[in-house]
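Data from my_file.csv: CSV, C-alpha atoms and all ligand atoms
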```csv
chain,number,residue,atom,x,y,z
E,1,MET,CA,-53.2,-36.6,-152.1
E,2,THR,CA,-53.4,-32.8,-152.1
E,3,ASP,CA,-50.0,-31.9,-150.8
E,4,CYS,CA,-47.9,-34.2,-153.0
E,5,LEU,CA,-45.6,-32.8,-155.7
E,6,PHE,CA,-46.1,-35.7,-158.1
E,7,CYS,CA,-49.9,-35.8,-157.6
E,8,LYS,CA,-49.8,-32.1,-158.6
E,9,ILE,CA,-47.8,-33.0,-161.7
E,10,VAL,CA,-50.3,-35.8,-162.5
E,11,ALA,CA,-53.1,-33.3,-162.1
E,12,LYS,CA,-51.2,-30.8,-164.4
E,13,GLU,CA,-51.2,-28.3,-161.6
E,14,ILE,CA,-47.4,-28.1,-161.8
E,15,PRO,CA,-45.9,-28.2,-165.3
E,16,ALA,CA,-43.6,-31.1,-166.3
E,17,THR,CA,-42.2,-32.3,-169.6
E,18,VAL,CA,-44.3,-35.4,-170.2
E,19,VAL,CA,-42.8,-38.0,-172.5
E,20,LEU,CA,-45.4,-40.8,-172.2
E,21,GLU,CA,-48.8,-41.2,-170.6
E,22,THR,CA,-51.1,-44.2,-170.1
E,23,ASP,CA,-54.4,-44.6,-168.3
E,24,ARG,CA,-52.7,-45.2,-165.0
E,25,THR,CA,-49.1,-44.0,-165.4
E,26,LEU,CA,-47.3,-40.8,-166.3
E,27,ALA,CA,-43.6,-40.4,-167.4
E,28,PHE,CA,-41.9,-37.0,-167.3
E,29,ARG,CA,-38.4,-35.7,-167.4
E,30,ASP,CA,-36.5,-35.2,-164.1
E,31,VAL,CA,-35.9,-31.5,-163.5
E,32,ASP,CA,-32.3,-32.2,-162.4
E,33,PRO,CA,-31.2,-34.9,-164.9
E,34,GLN,CA,-28.3,-37.2,-163.8
E,35,ALA,CA,-27.9,-38.8,-167.3
E,36,PRO,CA,-28.8,-37.8,-170.9
E,37,THR,CA,-32.0,-39.8,-170.4
E,38,HIS,CA,-33.5,-39.2,-166.9
E,39,VAL,CA,-37.2,-39.8,-166.9
E,40,LEU,CA,-39.5,-40.4,-163.9
E,41,VAL,CA,-42.4,-42.9,-164.2
E,42,VAL,CA,-45.2,-42.7,-161.6
E,43,PRO,CA,-48.5,-44.3,-161.1
E,44,LYS,CA,-51.2,-41.6,-161.3
E,45,ALA,CA,-52.7,-42.9,-158.1
E,46,HIS,CA,-50.7,-41.9,-155.0
E,47,HIS,CA,-48.7,-44.7,-153.5
E,48,GLU,CA,-45.8,-43.8,-151.2
E,49,ASP,CA,-43.1,-46.1,-152.2
E,50,ALA,CA,-42.2,-49.3,-154.1
E,51,ALA,CA,-43.5,-51.5,-151.3
E,52,ALA,CA,-46.9,-49.8,-151.4
E,53,LEU,CA,-46.9,-50.0,-155.2
E,54,GLY,CA,-46.1,-53.7,-155.0
E,55,GLY,CA,-49.0,-54.2,-152.6
E,56,ALA,CA,-51.5,-52.2,-154.7
E,57,GLY,CA,-52.5,-55.1,-156.9
E,58,GLY,CA,-54.4,-54.9,-160.1
E,59,GLY,CA,-51.2,-55.1,-162.2
E,60,LEU,CA,-50.2,-51.5,-161.4
E,61,ALA,CA,-46.6,-52.2,-160.6
E,62,GLY,CA,-46.3,-54.1,-163.9
E,63,GLU,CA,-47.8,-51.2,-165.7
E,64,VAL,CA,-45.2,-48.8,-164.2
E,65,LEU,CA,-42.4,-51.2,-165.4
E,66,ALA,CA,-44.0,-51.5,-168.9
E,67,THR,CA,-44.2,-47.7,-169.2
E,68,ALA,CA,-40.5,-47.4,-168.0
E,69,HIS,CA,-39.5,-49.8,-170.7
E,70,ALA,CA,-41.6,-48.0,-173.3
E,71,VAL,CA,-39.8,-44.8,-172.3
E,72,ALA,CA,-36.4,-46.4,-172.8
E,73,VAL,CA,-37.4,-47.6,-176.3
E,74,GLN,CA,-38.8,-44.1,-177.1
E,75,GLU,CA,-35.6,-42.5,-175.8
E,76,GLY,CA,-33.4,-44.9,-177.8
E,77,VAL,CA,-31.6,-46.4,-174.8
E,78,ALA,CA,-33.4,-49.8,-174.6
E,79,ASP,CA,-30.7,-51.5,-176.7
E,80,THR,CA,-27.6,-49.9,-175.1
E,81,GLY,CA,-29.0,-50.5,-171.6
E,82,TYR,CA,-30.8,-48.4,-169.0
E,83,ARG,CA,-31.2,-48.5,-165.2
E,84,LEU,CA,-34.4,-48.4,-163.2
E,85,VAL,CA,-34.1,-47.0,-159.7
E,86,PHE,CA,-36.7,-46.9,-157.0
E,87,ASN,CA,-35.2,-45.0,-154.1
E,88,THR,CA,-37.2,-46.3,-151.2
E,89,GLY,CA,-37.2,-44.4,-147.9
E,90,PRO,CA,-35.3,-41.2,-147.0
E,91,GLY,CA,-32.2,-43.2,-146.0
E,92,ALA,CA,-31.9,-44.3,-149.6
E,93,GLY,CA,-32.4,-40.8,-151.0
E,94,GLN,CA,-36.2,-40.8,-151.6
E,95,THR,CA,-37.2,-37.2,-151.4
E,96,VAL,CA,-40.6,-37.3,-153.0
E,97,PRO,CA,-43.0,-39.8,-151.2
E,98,HIS,CA,-44.9,-40.7,-154.3
E,99,VAL,CA,-43.4,-43.8,-155.8
E,100,HIS,CA,-41.4,-43.2,-159.0
E,101,ALA,CA,-39.0,-45.2,-161.2
E,102,HIS,CA,-36.0,-43.3,-162.4
E,103,VAL,CA,-35.2,-44.4,-166.0
E,104,LEU,CA,-31.5,-43.6,-166.5
E,105,GLY,CA,-29.6,-44.1,-169.7
E,106,GLY,CA,-27.6,-42.6,-172.5
E,107,ARG,CA,-24.2,-42.8,-170.8
E,108,GLY,CA,-22.0,-45.5,-169.3
E,109,LEU,CA,-23.7,-46.7,-166.1
E,110,THR,CA,-21.2,-48.1,-163.6
E,111,TRP,CA,-22.1,-50.8,-161.1
E,112,PRO,CA,-22.2,-50.7,-158.2
E,113,PRO,CA,-23.6,-47.1,-158.4
E,114,GLY,CA,-22.0,-46.0,-155.0
X,201,LIG,P1,-35.9,-39.3,-155.3
X,201,LIG,O1,-34.8,-38.5,-154.7
X,201,LIG,O2,-37.2,-39.1,-154.5
X,201,LIG,O3,-35.6,-40.7,-155.7
X,201,LIG,O4,-36.3,-38.6,-156.7
X,201,LIG,C1,-37.0,-37.4,-156.8
X,201,LIG,C2,-36.6,-36.8,-158.1
X,201,LIG,O5,-37.6,-35.8,-158.5
X,201,LIG,C3,-35.3,-36.1,-158.1
X,201,LIG,O6,-34.4,-36.7,-159.1
X,201,LIG,C4,-35.6,-34.6,-158.5
X,201,LIG,O7,-34.6,-34.1,-159.4
X,201,LIG,C5,-36.9,-34.7,-159.1
X,201,LIG,N1,-37.8,-33.6,-158.9
X,201,LIG,C6,-38.0,-32.9,-157.8
X,201,LIG,N2,-38.8,-31.9,-158.0
X,201,LIG,C7,-39.2,-32.0,-159.3
X,201,LIG,C8,-40.2,-31.2,-160.1
X,201,LIG,O8,-40.8,-30.3,-159.7
X,201,LIG,N3,-40.3,-31.6,-161.4
X,201,LIG,C9,-39.6,-32.7,-161.9
X,201,LIG,N4,-39.9,-33.0,-163.2
X,201,LIG,N5,-38.8,-33.4,-161.2
X,201,LIG,C10,-38.6,-33.1,-159.9
X,202,ZN,ZN,-48.8,-38.3,-154.8
```

Before anything else, please render the file you have as structure tokens.
Ligand code: 5GP
Ligand code: ZN
Amino acid sequence: MTDCLFCKIVAKEIPATVVLETDRTLAFRDVDPQAPTHVLVVPKAHHEDAAALGGAGGGLAGEVLATAHAVAVQEGVADTGYRLVFNTGPGAGQTVPHVHAHVLGGRGLTWPPG
């Protein structure tokens, strides 16, 4: 999609701090981190939200989750615990309509998040 921020990051048209890349996924640091570790994991293909990703088939949703876990390991937060968040829809705070998992860790994460 031409007018999508994360498609542009995937295409390297907009710079980002990439921490991990696979054939079908990209992980990069959130520009406004809410925790010591705050990384976004996206499928390179444009899918609007978690529901679309789940319906995409081909194991893509699983690959996004596997990349998210690999990021947590790489960032050293897999053992202490980390949170995966898919804000889905504007009412839940989704501001970029290209599905992304937030990988949050490195500080105490309360539940419920509020
Ligand atoms: P959402 O609110 O859609 O769940 O998450 C979007 C996230 O993208 C936000 O946490 C925001 O800080 C991050 N973000 C917005 N623009 C950019 C950008 O240009 N680069 C990076 N790396 N992150 C961005
Ligand atoms: Zn996109």

Would you list the residues that come within 9 Å of ligand LIG 201 (chain X)? Count only C-alpha atoms and all ligand atoms and give the answer as a PyMOL selection string. chain E and resi 5-6+9+14-18+28-34+38-40+85-90+92-102

Store the residues of this selection in a file with C-alpha atoms, as a compact mmCIF listing (two decimals), keeping the file's coordinate frame.
```txt
# COMPACT_ATOMS: atom_id res chain seq x y z
CA LEU E 5 -45.60 -32.80 -155.70
CA PHE E 6 -46.10 -35.70 -158.10
CA ILE E 9 -47.80 -33.00 -161.70
CA ILE E 14 -47.40 -28.10 -161.80
CA PRO E 15 -45.90 -28.20 -165.30
CA ALA E 16 -43.60 -31.10 -166.30
CA THR E 17 -42.20 -32.30 -169.60
CA VAL E 18 -44.30 -35.40 -170.20
CA PHE E 28 -41.90 -37.00 -167.30
CA ARG E 29 -38.40 -35.70 -167.40
CA ASP E 30 -36.50 -35.20 -164.10
CA VAL E 31 -35.90 -31.50 -163.50
CA ASP E 32 -32.30 -32.20 -162.40
CA PRO E 33 -31.20 -34.90 -164.90
CA GLN E 34 -28.30 -37.20 -163.80
CA HIS E 38 -33.50 -39.20 -166.90
CA VAL E 39 -37.20 -39.80 -166.90
CA LEU E 40 -39.50 -40.40 -163.90
CA VAL E 85 -34.10 -47.00 -159.70
CA PHE E 86 -36.70 -46.90 -157.00
CA ASN E 87 -35.20 -45.00 -154.10
CA THR E 88 -37.20 -46.30 -151.20
CA GLY E 89 -37.20 -44.40 -147.90
CA PRO E 90 -35.30 -41.20 -147.00
CA ALA E 92 -31.90 -44.30 -149.60
CA GLY E 93 -32.40 -40.80 -151.00
CA GLN E 94 -36.20 -40.80 -151.60
CA THR E 95 -37.20 -37.20 -151.40
CA VAL E 96 -40.60 -37.30 -153.00
CA PRO E 97 -43.00 -39.80 -151.20
CA HIS E 98 -44.90 -40.70 -154.30
CA VAL E 99 -43.40 -43.80 -155.80
CA HIS E 100 -41.40 -43.20 -159.00
CA ALA E 101 -39.00 -45.20 -161.20
CA HIS E 102 -36.00 -43.30 -162.40
```

From E:Leu26, E:Leu20, E:Val64, E:Val42, residue lying nearest ligand ZN 202 (chain X) [all atoms listed in the file]: E:Val42

Separation of atom CA of E:Ala45 and atom CA of E:Gly62, in Å? 14.1 Å

So, with only C-alpha atoms and all ligand atoms as the atoms that count, which of E:Pro112, E:Pro43, E:Gly81, E:Gly57 lies closest to ligand ZN 202 (chain X)? E:Pro43

Residues within 12 Å of E:Gly76, please, as number ranges by chain. Count only C-alpha atoms; anything in the same chain fewer than 2 positions from it doesn't count. E: 36-37, 69-74, 78-82, 103-107

With distances taken over all atoms listed in the file, which of E:Glu48, E:Glu63, E:Glu21, E:Glu75 is nearest to ligand ZN 202 (chain X)? E:Glu48

What is the atom CA of E:Asp23-atom CA of E:Asp3 distance in Å, reported with one decimal?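 Distance reported for this atom pair: 22.1 Å.
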
Which one is closest to ligand ZN 202 (chain X): E:Asp49, E:Ala35, E:Ala56, E:Thr22? Count only C-alpha atoms and all ligand atoms.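 Of E:Asp49, E:Ala35, E:Ala56, E:Thr22, the one nearest ligand ZN 202 (chain X) is E:Asp49, counting only C-alpha atoms and all ligand atoms.
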
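As for atom CA of E:Lys44 and atom CA of E:Val10, they are spaced 6.0 Å apart.
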
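Closest approach to ligand ZN 202 (chain X) among E:His46, E:Gly59, E:Thr25, E:Val19 is made by E:His46 (distances from all atoms listed in the file).
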
Of the candidates E:Lys12, E:Gly108, E:Ala27, E:His47, which one gets nearest to ligand ZN 202 (chain X) if we count only C-alpha atoms and all ligand atoms?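 Closest to ligand ZN 202 (chain X) of all the choices is E:His47.
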